[in-house]
Every structure is written in structure tokens, then in C-alpha cells.
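Novice: Here it is, the structure, as C-alpha cells.
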Amino acid sequence: MNLEQLLDVMERDPEYNRHITAWVTRPSRPASIDDPPDSLHWQLVEALRERDIRGLYSHQLEALRAIAAGEDVVVGTSTASGKSLCYILPVLEGLLEDRSSRALFLFPTKALAQDQQAAMREWCDSLDADINLHTYDGDTPAEIRPRVRSAGHIVMTNPDMLHTGILPHHTKWVNLFENLRYIVIDELHTYRGVFGSHVANVLRRLQRIASFYGSEPQIIACSATIANPQELASRLAGRPFHLVNEDGSPQAEKHIILYNPPVVDRRLGIRQSCVLAGRGIVSEFLQNGVQTIAFARSRLRVEILLSYLRQAAPRANIRGYRGGYLPRQRRDIERGLRSGEIDAVVATNALELGIDIGSLESAVLVGYPGSIASTWQQMGRAGRTDRTSAAILIASAAALDQHIINHPEYFFQQTPERALIDPDNLLILVSHIKCAAFELPFRAGERFGREPVDQILDYLAEHRVLHRSGDSWHWMADSFPAEEISLRSAAAENVVIVDTTKPEPRVIGEVDEFSAPMLVHEGAIYIHESTQYQVEELDLEDNKAYVTEVDVNYYTDASMAVEIRVLDSFESARASGAEHHLGEVQLNAQATIYKKIRFSTHENVGWGRIHLPPRQMHTAACWISLQEDITARFGRGELEAGLMGLANLTREVAPLYLSCDRNDLYVIPQVRSPLTEDPTLYICDAYPGGIGLSERLYRLHDELLSACHEVVTGCQCEGGCPSCVGAVQEVGTLCKEVTVRILNHLAREEG
């Protein structure tokens, strides 16, 4: 049966319906369309007609008018709304008018740049003009690179290559920088948190070099739906933007279903795993020939679900897609999806971006992605034609998932989250000032961002990184600073995973250095394309993990212990029997043990110790210290249980207010803090120097505590479960009751 028939069967199935908390049918919508501008170059008008495009959507026309007026523009419309035409047309028109002009396209990943190059090349080839279009990344052959540098009209790259391969070598790119007319920034919403804070500084360096060569490029940015695309664009580029967000594209009918797996133990509040529920739903789609994409929150969950689906549908062509797969493997999967050869793909958010994967009919989200913006983006990967599509969100037992699934009105009515960056994070800022000084000398009073940076330059000169000569600072160290800075994580390098099963070792994947202690410690089961490997050795000095193929009935999950020491308190406020602080802390984080978890049943079948050194990090934090008004009402054991429950709740609920993952935060309860001597809950950014997450939570502490109170009091379990304060087996029988009482007191209610 086709998708519409299958949806009809599902809707009439009483067993299935018992677990649906919302079924919203988004109706089809006609396009708001008009003729291309009269001023548009005739060759582009002809190229549009060749593609059977007779008119442009209203948001495309608005973007073209603003760009023609010389404004920087950010387009924030829905998935598959034709945002790319908003930069393709003006860039090509600029090249047709002036063959010496140049454009730099920035995409967050190599895969997306290569995917967009194919589409852009079709446009270039349809014009009567010799336009040189190239990608420039780590895969660009050495013999082609000089031609790209000297003759590339459009250069497509990613922030990492711009950071290490273009800006430090700008003297080889004179033709680009002297004639740079447009900078295109696609998938703007991905530039948030640490990555976005780094990219903002890379853009500062880019504009500094362009100015040195006498060019003032215009910026065109495109973003998926977030709450603040205009603010994010301005923070990233340091200049005002015209926002285009009234979507004029057509919309096919789409069914959006929120599904909560059944409770298997009501007393303990234990639900069926969302992975097992996902297996059943995706298998149903596969059996009826519905091409499907399934999203999972982690690499491990991708591999587990992939294994389950291959067992359930052995005749179907099902592939995995995640970070750590080698580039050639990912390109092969993308081609298979476009051609229809692949029936289903199980992916992390690596396929959330606008890579062309064809017209899938259904998207199944196995677990809430962590933000409303990401949820809509993943749901939008299905239904990119005029045919009916479906998107199903399956909740996990986590508190955030349960809050979303049981409050569908919140999901459907809430605006997407704000994307946060902190370009002036001192560690990030100083790193890029070093890179900028390597590229061009600094002058006295010169700004790098909002403020002059003379003090930082003097500090670097004192440490013999820079040399001051009169009113300028010059690079003098022997090192190449850009290579020492990773834009995407706290670690600069990846750990390569080497399969030693056969006499000739082979590389099968990689993982970032920061995650390695949790994912590829000795004894870990590493799963790649549903094949299991056991880690025999993790060599952090040589950045290699050596694995051998095994066949076991379990996977592993590691735990991390975190110790905290307060370095400084910047702000504080007292309210409702508690003191709230914002400051700086030092964390010592160490992977400690790992659990062996059986496939299918997900029961714990063993454990092991991890013998790796701790990592030390300074970061930002906010914390809540309970005062005697509250603590006098509880015994020590009660306070310990209540703080643990509040910590579990806070870590799950905080992403409601932040465009982040719960793993971007450390939440640490202390029944007696060494600093305050009071019971204290610390919420810390999980990145060196902090990226503004804890600062925003400090400003929103009332809303955060109110949401925690709503989640725990609305949960139907008796004494605690994974959907609120944590499983009763782990937090104890007192935890839920005491957590509610503490929150009541913090909210000035009777406990």
C-alpha cells in the first residue's frame, strides 16, 4: 500500500492510537509567486525557463531586491523553500556583469559543499560564460589548487579550510581577495555554540584580509528556522542584516505524529525503548515500500537501530550515516538515496543539513533531537515534492522528551530556540587574534570585534608570541597557529580507528579526541555499519584506537565523573531561600566505568573500569545554593536525594531554553559545597571558557525551575523514573518527593 493508505490504517488502529499524543495534518499551501525582476540578466531568465521556473517565490524576490540595494541579507524560510536561488541568482548576475568579480561560498561541511557544487555547476554550464567553479577543501588535488587560487570565480569551501588553508595563505589568493564581491554563508543555524563562536572569529579574519586588499564583500546568508536568524547573522559577521522570513514557497500535505512508546512497568515508570519502537515503525514503512530516513541522537544509537532494522527487514537496502564514516562511504550513501537504490537510512544529525538525498516520503525521529529547530529541520527531510509525506517523533523516556511529547501544544506553538554564540570568549578570541596576527600585523587601536585588542596584543608580546615595533604588532613565534585550533571541539585532532582483525590493518573511521575516552576506551564495543569491533588499545599520544571484529550480544556505554572548584563569582542574587550565582569554575572530568548493555532487552549484563587520565577545564557556570530557610526542613539524606533529582531534571529541561544538547552542559549536585558550605547545584558549560549557556540560564532561573516543577509534578510515576528525576533504582525512593518539596519552596509554595 502507498503512504496515504498506510497512514489511514495506522490512524484507525486503536493500539497504535493509544500512544499518539498528537496527529497534526499540515494542509497543502499554494505558492506566492511573481515574475522575475525586469532587471534580472537575460541569461538568467533563460536559465530559469530551461528549468521550468516561470516565476520566483515572494521571499526570493524580497531577497533579490535587498541584495540589489547593497544590503547584507539573511534568508530564514522553511526547508526546501528555494533559499539557494536567493544567492545563486545575484552571484551569477554579478559575474555576468563583471567577469573579474569573485564569490566565496561557505558551507558547514565538505559533503554539503560538494553536493551544492554539482547543482551550481549546472547553472554555470547553462550560461554563455566561462565561469570557473571549484570546491577547495582537504580533498582538492594538489595539482588543481593553484588554478583554484588564481582563476576561481566561485570558490566553495568550509570554515575549517578557510581557517587553516586559505586565510593564513592569503598572499596566494590575491585575485580572490582583491575582487571579492559576495560571501555566501549557507546553513547559518549550524554556526552556534563553540563552533559558531569560532566561525565568528574566522569571519572577522576574512573581512580584515578582504579590507586589506581593498574589497568590501556583501554577505548573503541562509538559515533553517531558528528564533533569531537576524541576530545570529549580525553576531557572526559583526554587521547589520536585512531579514527575509516570509515564506512564499508551496507546501505539500504533511502528517506530523507525536508517539509515546507504551509503559512496560507503570510502578517504576519504565517505557519501551524508543529504539525498539522505532524499529517497529520503520519496519512497517519498509514493508510497504515507503522510502524512509530515521534520525537517532547518537552514533551508538544509529548503529543499534541499523542492526535491528537489518534483522527485521533482511531484504531491504538499509544504510547508516554518521560522523566517523569515511567520505567516500558517505558520498555512496547520498547517491543511493537520490537514485532510490537505498530503501532507508539511519542517520545522526549529519543528514539534517541540506544535502540532496532525493524525495523521501517519511522521516522517523527516534528520540527528541534536543531542540524545536532541529526537530523541524529533520522532519523537513521528508516531503520535498508535491506528494504527501509523514514525520513521526518517537519520545525516549528522558524528561525532556516526555515534556515535549505530553505538551504537544508547546511543540507546535513555541517558536524555535535562539542560537547562542560568544565570539568574545577569551580563549577563542585570543586563539584567533594569534591567527590574525600571523596573517597581517595589528595596528594600535585596531578592533577585532567590538573592542580594541591592544591589551591582548601586549600580553602576547610579553610572552614572545608577537613582537611590538612602534604602533604595530608582528607574529614572531615559530608555530603555525591555525593548525593548533579546532573549530568544532576542544580537541585539535581526531583519533583514527584502525581495524587489526586481518594481517593488513585498515582505517574504518575516526572520533574526535574529546569524545575518545567515552567511545573508544579499552574494552569498548565500537559499532560501524552494524559490525561490532572491540577496542583493544587506545593510544592517545599517537591518536589511534586499535580494534578487532567481534560478535557479541551487547554494546557499551561509558560514565564520566566530574569534580568542580569555584574560581570566581561575577554576579549573584538571592530569592526564595536560595542564592543564585554566575561565575567561573574549574572542572576535572574523567571517564570512570562502562556498562555492558544487552541488545533488544537493554539490560545491564556487566561492567568494567576505564583507566585514563582526567581532563581539566576552566569554564563558565551558574549555581543555586539552598539557604537555611530550606535546608532546615530536610535531613542530609533527603537533601542528597533531592539535589540529585533536581540535577537530573535540570540537565534534561535546560535545552528547552537553549539551542544546545544536554551533553553541552555538566550539572553537578553537592550536598555540601566547599565554597558555600550549603547544598548547591552547579550548571556548567561543557566547553573551555564557556559559550554563554550557563549565563543565559542564570538570567532565566525562575523559568527553568518552574519548568522543572511542571515536569516532575506532571509525571505519573510513583517514586521517580527516567522521565522525571531518574530511575528509582538509581536515585532512591525519596528522590521524587523531596525534589518536589524543594522546588515548592524555591517557588515560594507550601511544601
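Ligands are numbered from 1 in the order shown, chains are lettered A, B, ... in the order of the C-alpha cells, and residues start at 1 in each chain.
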Please provide as a JSON list (two decimals) with N, CA and C atoms, in the first residue's frame all residues within 7 Å of region 28-45 of chain A, with the sequence filter that same-chain residues fewer than 6 positions apart are discarded (counting only C-alpha atoms).
Specialist:
[["chain", "number", "residue", "atom", "x", "y", "z"],
["A", 54, "ARG", "N", 8.95, 29.68, -13.98],
["A", 54, "ARG", "CA", 8.37, 30.84, -14.66],
["A", 54, "ARG", "C", 8.29, 32.06, -13.75],
["A", 55, "GLY", "N", 8.38, 31.84, -12.47],
["A", 55, "GLY", "CA", 8.32, 32.96, -11.53],
["A", 55, "GLY", "C", 9.12, 32.64, -10.29],
["A", 56, "LEU", "N", 9.26, 33.61, -9.43],
["A", 56, "LEU", "CA", 10.02, 33.44, -8.19],
["A", 56, "LEU", "C", 9.08, 33.59, -6.99],
["A", 57, "TYR", "N", 9.39, 32.88, -5.91],
["A", 57, "TYR", "CA", 8.60, 33.00, -4.69],
["A", 57, "TYR", "C", 8.81, 34.39, -4.09],
["A", 58, "SER", "N", 7.84, 34.80, -3.29],
["A", 58, "SER", "CA", 7.88, 36.17, -2.74],
["A", 58, "SER", "C", 9.14, 36.41, -1.91],
["A", 93, "GLU", "N", 24.64, 36.82, -11.55],
["A", 93, "GLU", "CA", 24.43, 38.10, -12.22],
["A", 93, "GLU", "C", 25.65, 39.01, -12.05],
["A", 127, "LEU", "N", 24.95, 28.87, -18.81],
["A", 127, "LEU", "CA", 25.16, 30.26, -19.18],
["A", 127, "LEU", "C", 26.23, 30.36, -20.26],
["A", 248, "GLY", "N", 7.28, 32.18, 0.83],
["A", 248, "GLY", "CA", 6.33, 32.16, -0.27],
["A", 248, "GLY", "C", 6.31, 30.86, -1.04],
["A", 249, "SER", "N", 6.98, 29.82, -0.56],
["A", 249, "SER", "CA", 7.06, 28.55, -1.30],
["A", 249, "SER", "C", 5.80, 27.71, -1.08],
["A", 250, "PRO", "N", 5.50, 26.80, -2.02],
["A", 250, "PRO", "CA", 4.34, 25.92, -1.84],
["A", 250, "PRO", "C", 4.64, 24.85, -0.80],
["A", 251, "GLN", "N", 3.60, 24.22, -0.31],
["A", 251, "GLN", "CA", 3.77, 23.21, 0.74],
["A", 251, "GLN", "C", 2.82, 22.06, 0.46],
["A", 252, "ALA", "N", 3.38, 20.84, 0.39],
["A", 252, "ALA", "CA", 2.54, 19.65, 0.20],
["A", 252, "ALA", "C", 1.95, 19.22, 1.55],
["A", 253, "GLU", "N", 0.92, 18.39, 1.51],
["A", 253, "GLU", "CA", 0.31, 17.89, 2.74],
["A", 253, "GLU", "C", 1.33, 17.06, 3.53]]
Novice: Name the residues of region 60-297 of chain A that fall into strand (DSSP E) according to DSSP on the backbone, using the chain letters and numbers of this document, as a JSON list (two decimals) with N, CA and C atoms, in the first residue's frame.
Specialist:
[["chain", "number", "residue", "atom", "x", "y", "z"],
["A", 73, "VAL", "N", 22.04, 40.25, 3.59],
["A", 73, "VAL", "CA", 20.72, 39.61, 3.70],
["A", 73, "VAL", "C", 20.85, 38.25, 4.37],
["A", 74, "VAL", "N", 19.90, 37.92, 5.26],
["A", 74, "VAL", "CA", 19.78, 36.57, 5.80],
["A", 74, "VAL", "C", 18.37, 36.07, 5.50],
["A", 75, "VAL", "N", 18.28, 34.90, 4.87],
["A", 75, "VAL", "CA", 17.00, 34.29, 4.50],
["A", 75, "VAL", "C", 16.71, 33.16, 5.49],
["A", 102, "ARG", "N", 34.49, 38.03, -7.83],
["A", 102, "ARG", "CA", 34.68, 36.72, -7.21],
["A", 102, "ARG", "C", 33.66, 36.52, -6.09],
["A", 103, "ALA", "N", 33.38, 35.25, -5.79],
["A", 103, "ALA", "CA", 32.45, 34.90, -4.70],
["A", 103, "ALA", "C", 33.02, 33.75, -3.90],
["A", 104, "LEU", "N", 32.83, 33.79, -2.59],
["A", 104, "LEU", "CA", 33.27, 32.73, -1.68],
["A", 104, "LEU", "C", 32.04, 32.15, -1.02],
["A", 105, "PHE", "N", 31.82, 30.84, -1.23],
["A", 105, "PHE", "CA", 30.67, 30.14, -0.64],
["A", 105, "PHE", "C", 31.16, 29.33, 0.56],
["A", 106, "LEU", "N", 30.50, 29.51, 1.69],
["A", 106, "LEU", "CA", 30.90, 28.83, 2.92],
["A", 106, "LEU", "C", 29.79, 27.87, 3.34],
["A", 133, "LEU", "N", 34.26, 27.34, -11.42],
["A", 133, "LEU", "CA", 33.64, 26.97, -10.14],
["A", 133, "LEU", "C", 34.42, 25.81, -9.54],
["A", 134, "HIS", "N", 34.85, 25.95, -8.30],
["A", 134, "HIS", "CA", 35.65, 24.90, -7.67],
["A", 134, "HIS", "C", 35.29, 24.78, -6.19],
["A", 135, "THR", "N", 35.41, 23.56, -5.67],
["A", 135, "THR", "CA", 35.46, 23.39, -4.22],
["A", 135, "THR", "C", 36.93, 23.38, -3.81],
["A", 154, "ILE", "N", 34.07, 31.30, -8.47],
["A", 154, "ILE", "CA", 33.31, 30.90, -7.28],
["A", 154, "ILE", "C", 34.10, 29.80, -6.58],
["A", 155, "VAL", "N", 34.45, 30.05, -5.33],
["A", 155, "VAL", "CA", 35.20, 29.08, -4.53],
["A", 155, "VAL", "C", 34.29, 28.60, -3.41],
["A", 156, "MET", "N", 34.04, 27.29, -3.37],
["A", 156, "MET", "CA", 33.20, 26.70, -2.33],
["A", 156, "MET", "C", 34.10, 26.00, -1.31],
["A", 157, "THR", "N", 33.91, 26.31, -0.06],
["A", 157, "THR", "CA", 34.76, 25.73, 0.97],
["A", 157, "THR", "C", 33.97, 25.60, 2.27],
["A", 180, "LEU", "N", 36.73, 40.26, -4.29],
["A", 180, "LEU", "CA", 35.68, 39.54, -3.57],
["A", 180, "LEU", "C", 34.43, 40.41, -3.46],
["A", 181, "ARG", "N", 33.36, 39.99, -4.14],
["A", 181, "ARG", "CA", 32.11, 40.76, -4.16],
["A", 181, "ARG", "C", 31.06, 40.17, -3.25],
["A", 182, "TYR", "N", 31.01, 38.84, -3.16],
["A", 182, "TYR", "CA", 29.99, 38.18, -2.33],
["A", 182, "TYR", "C", 30.62, 37.12, -1.43],
["A", 183, "ILE", "N", 30.12, 37.06, -0.20],
["A", 183, "ILE", "CA", 30.37, 35.93, 0.69],
["A", 183, "ILE", "C", 29.01, 35.29, 0.96],
["A", 184, "VAL", "N", 28.89, 34.02, 0.64],
["A", 184, "VAL", "CA", 27.64, 33.29, 0.88],
["A", 184, "VAL", "C", 27.85, 32.36, 2.08],
["A", 185, "ILE", "N", 26.98, 32.44, 3.06],
["A", 185, "ILE", "CA", 27.05, 31.59, 4.25],
["A", 185, "ILE", "C", 25.77, 30.76, 4.30],
["A", 218, "GLN", "N", 29.72, 41.81, -0.01],
["A", 218, "GLN", "CA", 28.37, 41.73, 0.52],
["A", 218, "GLN", "C", 28.14, 40.31, 1.01],
["A", 219, "ILE", "N", 27.37, 40.14, 2.10],
["A", 219, "ILE", "CA", 27.14, 38.81, 2.67],
["A", 219, "ILE", "C", 25.69, 38.40, 2.46],
["A", 220, "ILE", "N", 25.51, 37.18, 1.95],
["A", 220, "ILE", "CA", 24.17, 36.57, 1.80],
["A", 220, "ILE", "C", 24.18, 35.29, 2.63],
["A", 221, "ALA", "N", 23.26, 35.19, 3.58],
["A", 221, "ALA", "CA", 23.22, 34.03, 4.47],
["A", 221, "ALA", "C", 21.85, 33.36, 4.38],
["A", 222, "CYS", "N", 21.84, 32.05, 4.57],
["A", 222, "CYS", "CA", 20.60, 31.28, 4.58],
["A", 222, "CYS", "C", 20.57, 30.42, 5.84],
["A", 242, "HIS", "N", 19.51, 42.44, 6.67],
["A", 242, "HIS", "CA", 18.10, 42.50, 6.30],
["A", 242, "HIS", "C", 17.54, 41.08, 6.41],
["A", 243, "LEU", "N", 16.47, 40.90, 7.18],
["A", 243, "LEU", "CA", 15.88, 39.58, 7.39],
["A", 243, "LEU", "C", 14.76, 39.32, 6.39],
["A", 244, "VAL", "N", 14.82, 38.16, 5.72],
["A", 244, "VAL", "CA", 13.76, 37.70, 4.84],
["A", 244, "VAL", "C", 13.21, 36.41, 5.43],
["A", 254, "LYS", "N", 1.36, 17.31, 4.84],
["A", 254, "LYS", "CA", 2.31, 16.57, 5.69],
["A", 254, "LYS", "C", 1.61, 16.17, 6.98],
["A", 255, "HIS", "N", 1.80, 14.91, 7.36],
["A", 255, "HIS", "CA", 1.27, 14.39, 8.61],
["A", 255, "HIS", "C", 2.39, 14.38, 9.65],
["A", 256, "ILE", "N", 2.15, 15.07, 10.77],
["A", 256, "ILE", "CA", 3.15, 15.14, 11.84],
["A", 256, "ILE", "C", 2.56, 14.43, 13.06],
["A", 257, "ILE", "N", 3.24, 13.36, 13.48],
["A", 257, "ILE", "CA", 2.71, 12.47, 14.53],
["A", 257, "ILE", "C", 3.69, 12.44, 15.70],
["A", 258, "LEU", "N", 3.17, 12.65, 16.92],
["A", 258, "LEU", "CA", 3.97, 12.51, 18.13],
["A", 258, "LEU", "C", 3.56, 11.21, 18.81],
["A", 259, "TYR", "N", 4.53, 10.34, 19.04],
["A", 259, "TYR", "CA", 4.25, 8.97, 19.52],
["A", 259, "TYR", "C", 5.04, 8.72, 20.80],
["A", 263, "VAL", "N", 4.14, 2.17, 28.29],
["A", 263, "VAL", "CA", 4.78, 1.91, 29.58],
["A", 263, "VAL", "C", 4.80, 0.40, 29.81],
["A", 264, "VAL", "N", 5.96, -0.14, 30.17],
["A", 264, "VAL", "CA", 6.06, -1.58, 30.42],
["A", 264, "VAL", "C", 6.09, -1.90, 31.91],
["A", 265, "ASP", "N", 6.36, -0.89, 32.75],
["A", 265, "ASP", "CA", 6.30, -1.07, 34.21],
["A", 265, "ASP", "C", 5.80, 0.25, 34.79],
["A", 270, "ILE", "N", 8.76, 2.79, 33.66],
["A", 270, "ILE", "CA", 9.67, 2.37, 32.58],
["A", 270, "ILE", "C", 8.88, 2.18, 31.29],
["A", 271, "ARG", "N", 9.35, 2.81, 30.23],
["A", 271, "ARG", "CA", 8.71, 2.71, 28.92],
["A", 271, "ARG", "C", 9.50, 1.81, 27.99],
["A", 292, "THR", "N", 12.40, 5.84, 3.62],
["A", 292, "THR", "CA", 12.37, 6.46, 4.94],
["A", 292, "THR", "C", 13.75, 6.88, 5.40],
["A", 293, "ILE", "N", 13.80, 7.99, 6.13],
["A", 293, "ILE", "CA", 15.00, 8.36, 6.87],
["A", 293, "ILE", "C", 14.66, 8.32, 8.36],
["A", 294, "ALA", "N", 15.51, 7.66, 9.14],
["A", 294, "ALA", "CA", 15.35, 7.61, 10.60],
["A", 294, "ALA", "C", 16.51, 8.36, 11.22],
["A", 295, "PHE", "N", 16.20, 9.27, 12.13],
["A", 295, "PHE", "CA", 17.23, 10.03, 12.83],
["A", 295, "PHE", "C", 17.38, 9.50, 14.25],
["A", 296, "ALA", "N", 18.62, 9.32, 14.68],
["A", 296, "ALA", "CA", 18.90, 8.93, 16.06],
["A", 296, "ALA", "C", 19.87, 9.94, 16.66]]
Novice: What's around region 663-673 of chain A at 8 Å? Count only C-alpha atoms, leave out sequence neighbours fewer than 3 positions away in its own chain, and write the answer as a ChimeraX atom specification.
Specialist: /A:562,564,636,639-640,643-644,647-648,650-651,660,676-687
Novice: Export C-alpha atoms of the chosen residues as a PDB file, in the first residue's frame?
Specialist:
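Listed below is the output, selection-v1.pdb:
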ATOM      1  CA  VAL A 562      33.188  15.401  37.239  1.00  0.00           C
ATOM      2  CA  ILE A 564      34.241  21.114  40.447  1.00  0.00           C
ATOM      3  CA  ARG A 636      21.115  15.209  54.891  1.00  0.00           C
ATOM      4  CA  LEU A 639      18.899  16.844  50.573  1.00  0.00           C
ATOM      5  CA  GLU A 640      21.234  14.489  48.732  1.00  0.00           C
ATOM      6  CA  LEU A 643      19.625  17.595  44.702  1.00  0.00           C
ATOM      7  CA  MET A 644      20.242  14.509  42.584  1.00  0.00           C
ATOM      8  CA  ALA A 647      20.214  17.823  38.758  1.00  0.00           C
ATOM      9  CA  ASN A 648      18.645  15.170  36.514  1.00  0.00           C
ATOM     10  CA  THR A 650      17.734  20.499  35.127  1.00  0.00           C
ATOM     11  CA  ARG A 651      20.022  18.737  32.655  1.00  0.00           C
ATOM     12  CA  CYS A 660      22.046  23.046  22.653  1.00  0.00           C
ATOM     13  CA  THR A 676      29.348  27.911  50.080  1.00  0.00           C
ATOM     14  CA  GLU A 677      29.126  25.074  52.647  1.00  0.00           C
ATOM     15  CA  ASP A 678      25.493  24.838  51.530  1.00  0.00           C
ATOM     16  CA  PRO A 679      23.710  22.267  49.337  1.00  0.00           C
ATOM     17  CA  THR A 680      24.466  23.538  45.838  1.00  0.00           C
ATOM     18  CA  LEU A 681      23.581  22.666  42.254  1.00  0.00           C
ATOM     19  CA  TYR A 682      26.124  23.698  39.594  1.00  0.00           C
ATOM     20  CA  ILE A 683      25.247  24.062  35.883  1.00  0.00           C
ATOM     21  CA  CYS A 684      28.393  24.371  33.751  1.00  0.00           C
ATOM     22  CA  ASP A 685      29.139  24.888  30.075  1.00  0.00           C
ATOM     23  CA  ALA A 686      30.878  21.727  28.847  1.00  0.00           C
ATOM     24  CA  TYR A 687      33.403  23.779  26.829  1.00  0.00           C
TER      25      TYR A 687
END
Novice: Might you pull out every residue within 9 Å of Ala444 (chain A), with only C-alpha atoms counted and same-chain residues fewer than 3 positions away left off, and present them as a list in words?
Specialist: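 Surrounding residues, per the criterion: Arg447, Pro452, Val453, Asp454, Gly470, Asp471, Ser472 and Trp473 of chain A.
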Novice: Can you build me a table of region 305-360 of chain A residues sitting at most 12 Å from region 592-605 of chain A, with the closest atom pair per residue and its distance in Å to one decimal, using only C-alpha atoms, sorted by chain and residue number, as JSON lines?
Specialist:
{"residue": "A:Leu305", "atom": "CA", "partner": "A:Ser600", "partner_atom": "CA", "distance": 10.1}
{"residue": "A:Ser307", "atom": "CA", "partner": "A:Phe599", "partner_atom": "CA", "distance": 9.6}
{"residue": "A:Tyr308", "atom": "CA", "partner": "A:Ser600", "partner_atom": "CA", "distance": 8.3}
{"residue": "A:Leu309", "atom": "CA", "partner": "A:Ser600", "partner_atom": "CA", "distance": 11.8}
{"residue": "A:Gln311", "atom": "CA", "partner": "A:Ser600", "partner_atom": "CA", "distance": 11.5}
Novice: Compare A:Thr171, A:Thr713, A:Ser215, A:Ser694 by their minimum atom-to-atom distance to Gly193 (chain A), counting only C-alpha atoms, and give me the closest one.
Specialist: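 Smallest separation from Gly193 (chain A) among the options: A:Ser694.
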